[in-house]
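File shown: work-v1.cif. Contents: mmCIF, C-alpha atoms.
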```cif
data_target
loop_
_atom_site.label_atom_id
_atom_site.label_comp_id
_atom_site.auth_asym_id
_atom_site.auth_seq_id
_atom_site.Cartn_x
_atom_site.Cartn_y
_atom_site.Cartn_z
CA THR A 1 40.86 83.69 98.04
CA THR A 2 43.67 81.69 96.41
CA LEU A 3 47.41 82.19 95.95
CA ASN A 4 46.83 84.36 92.87
CA ASP A 5 43.55 85.94 93.96
CA VAL A 6 44.02 87.76 97.27
CA ASP A 7 41.37 90.20 98.52
CA TRP A 8 41.28 93.13 100.94
CA VAL A 9 39.91 92.39 104.41
CA VAL A 10 38.67 95.15 106.72
CA ALA A 11 37.69 94.33 110.31
CA CYS A 12 36.03 96.59 112.87
CA LEU A 13 36.25 95.79 116.59
CA ASP A 14 34.54 97.35 119.57
CA ALA A 15 36.36 98.50 122.71
CA ASN A 16 36.25 94.96 124.12
CA GLY A 17 37.94 93.42 121.08
CA ASP A 18 34.75 91.87 119.74
CA TYR A 19 33.54 92.28 116.17
CA ASP A 20 31.39 95.40 115.79
CA THR A 21 28.30 94.09 114.04
CA THR A 22 27.20 97.61 113.06
CA PHE A 23 30.02 97.39 110.49
CA ASN A 24 28.86 95.34 107.49
CA HIS A 25 26.55 93.36 109.84
CA THR A 26 29.39 91.01 110.83
CA GLY A 27 32.31 93.31 111.70
CA ILE A 28 34.25 92.07 108.66
CA LEU A 29 34.28 93.25 105.06
CA VAL A 30 36.00 91.43 102.20
CA LEU A 31 36.69 93.54 99.11
CA ALA A 32 37.43 91.61 95.92
CA LEU A 33 38.69 94.48 93.77
CA THR A 34 40.15 92.35 90.96
CA THR A 35 40.70 88.72 90.06
CA GLY A 36 44.41 89.25 90.81
CA ASN A 37 46.26 89.97 94.04
CA ASP A 38 44.91 92.92 96.03
CA PHE A 39 46.55 94.17 99.24
CA ALA A 40 45.46 96.86 101.72
CA TYR A 41 48.34 98.59 103.53
CA ASP A 42 47.09 101.65 105.43
CA VAL A 43 43.89 103.10 106.84
CA GLU A 44 42.83 106.56 108.02
CA ILE A 45 39.64 107.57 109.83
CA GLN A 46 38.29 110.95 108.76
CA THR A 47 36.70 113.41 111.21
CA ASP A 48 33.26 112.30 109.91
CA ASN A 49 34.22 108.67 110.73
CA LYS A 50 34.44 107.63 107.09
CA ILE A 51 37.24 105.13 106.49
CA VAL A 52 39.87 105.60 103.78
CA ILE A 53 42.07 102.64 102.86
CA ALA A 54 45.18 102.66 100.67
CA GLY A 55 46.76 99.71 98.93
CA VAL A 56 47.08 98.04 95.56
CA SER A 57 44.88 96.08 93.22
CA GLY A 58 46.68 93.49 91.12
CA ILE A 59 46.57 92.62 87.48
CA ALA A 60 47.93 89.24 86.28
CA GLY A 61 49.25 88.07 89.63
CA PHE A 62 52.07 90.13 91.10
CA SER A 63 53.47 91.42 87.80
CA THR A 64 51.55 94.70 87.59
CA THR A 65 49.77 96.56 90.38
CA LYS A 66 47.80 99.78 90.55
CA GLY A 67 47.66 102.15 93.51
CA THR A 68 44.16 101.97 94.94
CA LEU A 69 42.08 103.96 97.42
CA VAL A 70 38.73 102.91 98.88
CA ARG A 71 36.45 104.95 101.11
CA LEU A 72 33.84 103.32 103.30
CA ASN A 73 30.97 104.77 105.26
CA PRO A 74 31.08 104.09 109.02
CA ASN A 75 28.74 101.11 108.51
CA GLY A 76 31.15 99.45 106.06
CA SER A 77 29.32 100.29 102.84
CA LEU A 78 31.21 101.82 99.93
CA ASP A 79 31.00 105.63 99.85
CA SER A 80 29.52 106.37 96.42
CA THR A 81 30.64 110.04 96.64
CA PHE A 82 34.30 108.95 96.45
CA GLY A 83 36.08 108.03 93.22
CA VAL A 84 33.98 105.64 91.17
CA ASN A 85 31.47 103.94 93.45
CA GLY A 86 33.83 104.37 96.40
CA VAL A 87 37.03 103.30 94.66
CA PHE A 88 39.95 105.06 92.97
CA VAL A 89 42.39 103.00 90.88
CA SER A 90 45.51 104.62 89.43
CA GLN A 91 46.26 104.30 85.74
CA PRO A 92 50.03 104.19 85.09
CA ALA A 93 51.13 105.93 81.92
CA VAL A 94 52.52 102.65 80.57
CA ALA A 95 50.51 99.46 81.04
CA THR A 96 53.53 97.44 82.22
CA TYR A 97 54.43 99.95 84.96
CA SER A 98 53.26 99.46 88.55
CA GLN A 99 52.18 101.86 91.28
CA THR A 100 51.85 100.99 94.97
CA PHE A 101 50.07 103.06 97.63
CA LYS A 102 51.73 102.00 100.89
CA SER A 103 50.71 104.92 103.14
CA LEU A 104 48.05 107.61 103.39
CA VAL A 105 47.54 110.94 105.15
CA VAL A 106 44.26 112.85 105.31
CA LEU A 107 44.82 116.60 105.57
CA PRO A 108 42.68 118.97 107.71
CA ASN A 109 40.79 120.26 104.63
CA GLY A 110 39.73 116.73 103.69
CA SER A 111 42.19 116.29 100.85
CA MET A 112 44.59 113.39 101.02
CA VAL A 113 48.00 112.22 99.88
CA ALA A 114 48.87 108.62 99.11
CA GLY A 115 52.51 107.57 99.14
CA GLY A 116 54.48 104.56 98.01
CA TRP A 117 56.46 103.87 94.87
CA SER A 118 56.20 103.49 91.14
CA LYS A 119 58.06 100.83 89.20
CA GLN A 120 59.28 101.54 85.70
CA SER A 121 60.94 98.48 84.18
CA SER A 122 63.18 97.36 87.09
CA SER A 123 63.52 100.78 88.76
CA ASP A 124 61.54 101.88 91.85
CA ARG A 125 61.11 105.51 92.84
CA LEU A 126 59.23 107.51 95.46
CA PHE A 127 55.67 108.22 94.37
CA LEU A 128 53.15 110.58 95.99
CA ALA A 129 49.67 111.29 94.66
CA GLY A 130 47.31 114.07 95.79
CA PHE A 131 43.52 113.77 95.92
CA ASP A 132 40.62 116.02 96.79
CA SER A 133 38.04 114.96 99.35
CA PHE A 134 35.99 113.19 96.66
CA GLY A 135 38.78 110.95 95.44
CA ASN A 136 39.63 112.96 92.35
CA VAL A 137 43.27 113.57 91.46
CA ASP A 138 44.26 117.03 92.77
CA SER A 139 46.07 118.61 89.83
CA SER A 140 47.43 121.38 92.10
CA PHE A 141 49.53 118.81 93.97
CA GLY A 142 53.01 118.35 92.56
CA THR A 143 52.85 118.06 88.77
CA ASN A 144 49.33 117.18 87.67
CA GLY A 145 48.71 115.50 91.01
CA ILE A 146 51.92 113.47 91.21
CA VAL A 147 55.34 113.76 92.86
CA THR A 148 58.21 111.42 92.03
CA ASN A 149 61.77 111.36 93.31
CA SER A 150 64.41 109.17 91.69
CA GLY A 151 66.70 109.74 94.69
CA VAL A 152 64.41 107.68 96.96
CA GLU A 153 63.17 104.22 96.04
CA LYS A 154 60.17 103.60 98.30
CA VAL A 155 57.89 105.26 100.85
CA TYR A 156 56.56 102.98 103.57
CA SER A 157 54.96 105.45 105.97
CA MET A 158 53.95 109.13 106.14
CA ALA A 159 53.02 111.66 108.79
CA HIS A 160 51.52 115.16 108.48
CA ALA A 161 52.42 117.93 110.93
CA ASN A 162 53.04 121.67 110.92
CA GLY A 163 52.07 122.03 107.26
CA PHE A 164 54.50 119.36 106.02
CA ILE A 165 54.31 115.75 104.92
CA TYR A 166 57.12 113.49 106.12
CA ALA A 167 57.67 110.37 104.02
CA ALA A 168 59.78 107.57 105.50
CA GLY A 169 61.28 104.87 103.33
CA VAL A 170 64.40 103.48 101.74
CA SER A 171 66.90 104.13 98.97
CA VAL A 172 69.06 101.07 98.23
CA THR A 173 70.83 100.68 101.62
CA GLU A 174 69.80 104.00 103.21
CA GLY A 175 66.89 104.72 105.50
CA THR A 176 65.28 107.92 104.20
CA ILE A 177 62.92 110.60 105.48
CA SER A 178 61.78 113.21 102.94
CA CYS A 179 59.88 116.41 103.66
CA TYR A 180 57.26 117.92 101.34
CA SER A 181 54.75 120.75 101.59
CA THR A 182 51.09 119.81 101.41
CA SER A 183 51.14 121.04 97.80
CA GLY A 184 53.86 118.54 96.90
CA LEU A 185 56.91 120.81 96.89
CA ILE A 186 60.02 119.31 98.42
CA SER A 187 61.39 121.24 101.40
CA ALA A 188 64.96 121.87 100.24
CA GLY A 189 66.07 123.05 103.70
CA PHE A 190 65.30 119.66 105.24
CA GLY A 191 68.25 117.27 105.45
CA SER A 192 70.14 117.38 102.16
CA SER A 193 67.95 118.74 99.33
CA GLY A 194 64.78 117.65 101.15
CA THR A 195 65.83 114.17 102.32
CA ALA A 196 67.67 112.97 105.44
CA ARG A 197 69.54 109.69 104.98
CA TYR A 198 70.64 107.13 107.57
CA THR A 199 73.71 105.25 106.37
CA GLN A 200 75.06 103.43 109.45
CA ASN A 201 75.71 99.67 109.51
CA GLY A 202 75.37 99.10 105.77
CA LEU A 203 71.70 98.10 105.27
CA ASN A 204 68.92 100.36 106.55
CA ALA A 205 65.23 101.10 105.99
CA PHE A 206 62.57 103.24 107.72
CA TYR A 207 59.08 101.73 107.98
CA GLY A 208 57.31 104.02 110.48
CA VAL A 209 57.33 107.73 111.27
CA LEU A 210 55.81 110.13 113.80
CA VAL A 211 56.22 113.84 114.47
CA GLN A 212 56.46 114.86 118.12
CA PRO A 213 54.64 117.95 119.43
CA ASP A 214 57.99 119.79 119.47
CA GLY A 215 58.50 119.09 115.75
CA LYS A 216 61.14 116.40 116.15
CA ILE A 217 60.71 113.41 113.84
CA VAL A 218 61.01 109.82 115.02
CA VAL A 219 61.44 107.01 112.49
CA ALA A 220 61.50 103.27 113.10
CA GLY A 221 62.80 100.46 110.96
CA THR A 222 65.74 98.12 110.60
CA THR A 223 69.52 98.22 110.36
CA GLY A 224 72.28 95.67 109.84
CA SER A 225 75.41 94.69 108.00
CA ALA A 226 74.18 91.47 106.39
CA ALA A 227 71.13 90.63 104.31
CA PHE A 228 69.59 88.25 106.87
CA THR A 229 70.89 89.85 110.05
CA ARG A 230 68.99 93.01 110.91
CA ASP A 231 68.31 94.78 114.21
CA LEU A 232 65.47 96.99 115.45
CA LEU A 233 66.17 100.66 114.72
CA THR A 234 64.74 103.96 115.94
CA VAL A 235 66.23 107.33 114.92
CA ARG A 236 65.21 110.86 115.89
CA TYR A 237 65.74 113.94 113.75
CA LEU A 238 65.43 117.62 114.50
CA SER A 239 62.83 119.56 112.52
CA ASN A 240 65.49 120.54 109.95
CA GLY A 241 66.40 116.93 109.20
CA THR A 242 69.63 116.67 111.18
CA ILE A 243 70.19 113.85 113.65
CA ASP A 244 69.12 114.63 117.21
CA ASN A 245 72.20 113.55 119.13
CA ALA A 246 70.33 113.85 122.45
CA PHE A 247 68.32 110.74 121.51
CA GLY A 248 69.67 107.25 122.23
CA VAL A 249 73.31 106.91 121.22
CA SER A 250 74.23 109.72 118.83
CA GLY A 251 70.62 110.01 117.70
CA SER A 252 69.69 106.34 117.24
CA TRP A 253 68.56 103.34 119.26
CA VAL A 254 69.44 99.81 118.07
CA LEU A 255 68.34 96.52 119.64
CA SER A 256 69.02 92.93 118.62
CA LEU A 257 66.59 90.36 120.02
CA SER A 258 67.37 87.14 118.20
CA GLY A 259 70.32 87.71 115.89
CA GLY A 260 68.07 87.15 112.88
CA PHE A 261 65.99 89.47 110.73
CA GLU A 262 64.21 92.02 112.94
CA ASP A 263 62.41 95.24 112.11
CA LEU A 264 60.02 97.83 113.52
CA ASN A 265 57.07 98.58 111.25
CA ALA A 266 55.39 101.39 113.21
CA VAL A 267 56.06 103.98 115.90
CA ALA A 268 53.71 105.83 118.26
CA MET A 269 53.92 108.19 121.22
CA GLN A 270 52.11 107.68 124.52
CA ALA A 271 50.37 110.47 126.38
CA ASP A 272 53.36 110.70 128.72
CA GLY A 273 55.74 111.30 125.81
CA LYS A 274 57.26 107.82 125.81
CA ILE A 275 57.84 106.24 122.38
#
```
Target encoding structure tokens, full file:
Amino acid sequence: TTLNDVDWVVACLDANGDYDTTFNHTGILVLALTTGNDFAYDVEIQTDNKIVIAGVSGIAGFSTTKGTLVRLNPNGSLDSTFGVNGVFVSQPAVATYSQTFKSLVVLPNGSMVAGGWSKQSSSDRLFLAGFDSFGNVDSSFGTNGIVTNSGVEKVYSMAHANGFIYAAGVSVTEGTISCYSTSGLISAGFGSSGTARYTQNGLNAFYGVLVQPDGKIVVAGTTGSAAFTRDLLTVRYLSNGTIDNAFGVSGSWVLSLSGGFEDLNAVAMQADGKI
């Protein structure tokens, strides 16, 4: 691995925090997908314990990337029944365009949706791609397997609950949470035309999302008024995409620890309901 040749690394640990040597004999797997920069961003474990990983594989350094999925067997070997020898690599319509898979959800029927963004020239936009359980593009999802939204720039995290996919991200200075059906249709009744936007404090982004058992949606990220001064942010929405004013202060919780650049990249709920 060098500056312009970065590989995926997958590690498996046992309950004691030691490497699980039943996974690739050593507990670690290095995947050199290309001779460029490859990054893994999200992982899901299927009910059969197969491991699906979403990320990018790079071409010519950082200039062009392709959304990439890999599925592994529980022992760390590539699952040959998925994609091509265990790997799916997106093919943007124009060679100079880029696609990034930043998040992944596996649906109860085994199909999956990858989310992130596509870059066309200098413009980013929300990008979702649907796949069947074998890593083939699901043409019934969105339009020929793809959903884009020019009103949202990037998706950083997704959650599936109650028949909907919630995609958290950013649009310029707004934290965004968009709601889609599992077939890729935007839920127009959620927020404003399918997207709820957080606009307080000038600069905002959502990096993590969870859906509570009662259907309320919690997002975590960053907020601030200056480029290099950001605070930790958590916001809760009702199931229709309106702010839940019963949470924190008028629906949000903000904390500054150091006065510098701070963000929350994930959010989870404990068994006792604490976040």
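Atom CA of A:Arg230 sits 23.1 Å away from atom CA of A:Trp117.
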Which residues fall under the PyMOL selection byres ((chain A and resi 27) around 10) in this file, as number ranges by chain?
A: 10-14, 18-26, 28-29, 75-76
Write to file, as a JSON list (two decimals), in the frame of the given file, the residues of the selection just made, with C-alpha atoms.
```json
[["chain", "number", "residue", "atom", "x", "y", "z"],
["A", 10, "VAL", "CA", 38.67, 95.15, 106.72],
["A", 11, "ALA", "CA", 37.69, 94.33, 110.31],
["A", 12, "CYS", "CA", 36.03, 96.59, 112.87],
["A", 13, "LEU", "CA", 36.25, 95.79, 116.59],
["A", 14, "ASP", "CA", 34.54, 97.35, 119.57],
["A", 18, "ASP", "CA", 34.75, 91.87, 119.74],
["A", 19, "TYR", "CA", 33.54, 92.28, 116.17],
["A", 20, "ASP", "CA", 31.39, 95.40, 115.79],
["A", 21, "THR", "CA", 28.30, 94.09, 114.04],
["A", 22, "THR", "CA", 27.20, 97.61, 113.06],
["A", 23, "PHE", "CA", 30.02, 97.39, 110.49],
["A", 24, "ASN", "CA", 28.86, 95.34, 107.49],
["A", 25, "HIS", "CA", 26.55, 93.36, 109.84],
["A", 26, "THR", "CA", 29.39, 91.01, 110.83],
["A", 28, "ILE", "CA", 34.25, 92.07, 108.66],
["A", 29, "LEU", "CA", 34.28, 93.25, 105.06],
["A", 75, "ASN", "CA", 28.74, 101.11, 108.51],
["A", 76, "GLY", "CA", 31.15, 99.45, 106.06]]
```
Taking the file as shown, find all residues satisfying the PyMOL selection byres ((chain A and resi 159) around 9) and write them as a PDB file with C-alpha atoms, keeping the file's coordinate frame.
```
ATOM      1  CA  LEU A 104      48.050 107.610 103.390  1.00  0.00           C
ATOM      2  CA  VAL A 105      47.540 110.940 105.150  1.00  0.00           C
ATOM      3  CA  SER A 157      54.960 105.450 105.970  1.00  0.00           C
ATOM      4  CA  MET A 158      53.950 109.130 106.140  1.00  0.00           C
ATOM      5  CA  HIS A 160      51.520 115.160 108.480  1.00  0.00           C
ATOM      6  CA  ALA A 161      52.420 117.930 110.930  1.00  0.00           C
ATOM      7  CA  PHE A 164      54.500 119.360 106.020  1.00  0.00           C
ATOM      8  CA  ILE A 165      54.310 115.750 104.920  1.00  0.00           C
ATOM      9  CA  TYR A 166      57.120 113.490 106.120  1.00  0.00           C
ATOM     10  CA  ALA A 167      57.670 110.370 104.020  1.00  0.00           C
ATOM     11  CA  ALA A 168      59.780 107.570 105.500  1.00  0.00           C
ATOM     12  CA  GLY A 208      57.310 104.020 110.480  1.00  0.00           C
ATOM     13  CA  VAL A 209      57.330 107.730 111.270  1.00  0.00           C
ATOM     14  CA  LEU A 210      55.810 110.130 113.800  1.00  0.00           C
ATOM     15  CA  VAL A 211      56.220 113.840 114.470  1.00  0.00           C
TER      16      VAL A 211
END
```
To verify the selection step, state as a PyMOL selection string which residues the PyMOL selection byres ((chain A and resi 67) around 8) yields on this input.
chain A and resi 54-57+65-66+68-69+89-90+98-101
I need the residue nearest A:Thr195 from this list: A:Val235, A:Ala227, A:Val249, A:Cys179. Use all atoms listed in the file for the distance.
A:Cys179
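Distance cut-off 8 Å, centre (54.8, 120.4, 95.3), atoms counted only C-alpha atoms; the residues meeting this are Phe141, Gly142, Thr143, Val147, Tyr180, Ser181, Thr182, Ser183, Gly184, Leu185 and Ile186 of chain A.
For the choices A:Lys50, A:Lys154, A:Lys216, A:Arg71, the atom-to-atom distance to A:Ala246 is smallest for A:Lys216 when using only C-alpha atoms.
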If we count all atoms listed in the file and set the cut-off at 6 Å, which residues sit around A:Ile51, ignoring sequence neighbours fewer than 2 positions away in its own chain? Please answer as a PyMOL selection string.
chain A and resi 44-45+71-72
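The smallest atom-to-atom distance between A:Asp138 and any of A:Lys119, A:Val43, A:Ser252, A:Ala114, using all atoms listed in the file, is found for A:Ala114.
The shortest atom-to-atom distance to A:Gly58, with all atoms listed in the file taken into account, belongs to A:Asp5 out of A:Asp5, A:Pro74, A:Ile177, A:Phe82.
When atom CA of A:Leu31 is paired with atom CA of A:Val9, their separation reads 6.3 Å.
One distance worth recording is that between atom CA of A:Val6 and atom CA of A:Asp38, which is 5.4 Å.
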Name all residues at most 8 Å from A:Ser239 (count only C-alpha atoms; drop same-chain ones fewer than 5 positions away) and give them as a PyMOL selection string.
chain A and resi 190+215-217
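With distances taken from (63.2, 100.2, 110.9) and restricted to all atoms listed in the file, the residues inside 8 Å are Gly175, Asn204, Ala205, Phe206, Tyr207, Gly208, Val219, Ala220, Gly221, Thr222, Thr223, Leu232, Leu233, Thr234, Asp263, Leu264 and Asn265 of chain A.
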Tell me which of A:Ala226, A:Ile53, A:Val170, A:Val218 sits closest to A:Thr199, counting only C-alpha atoms.
A:Val170
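Considering all atoms listed in the file, the residue among A:Thr81, A:Asn240, A:Ser122, A:Thr229 positioned nearest to A:Ala188 is A:Asn240.
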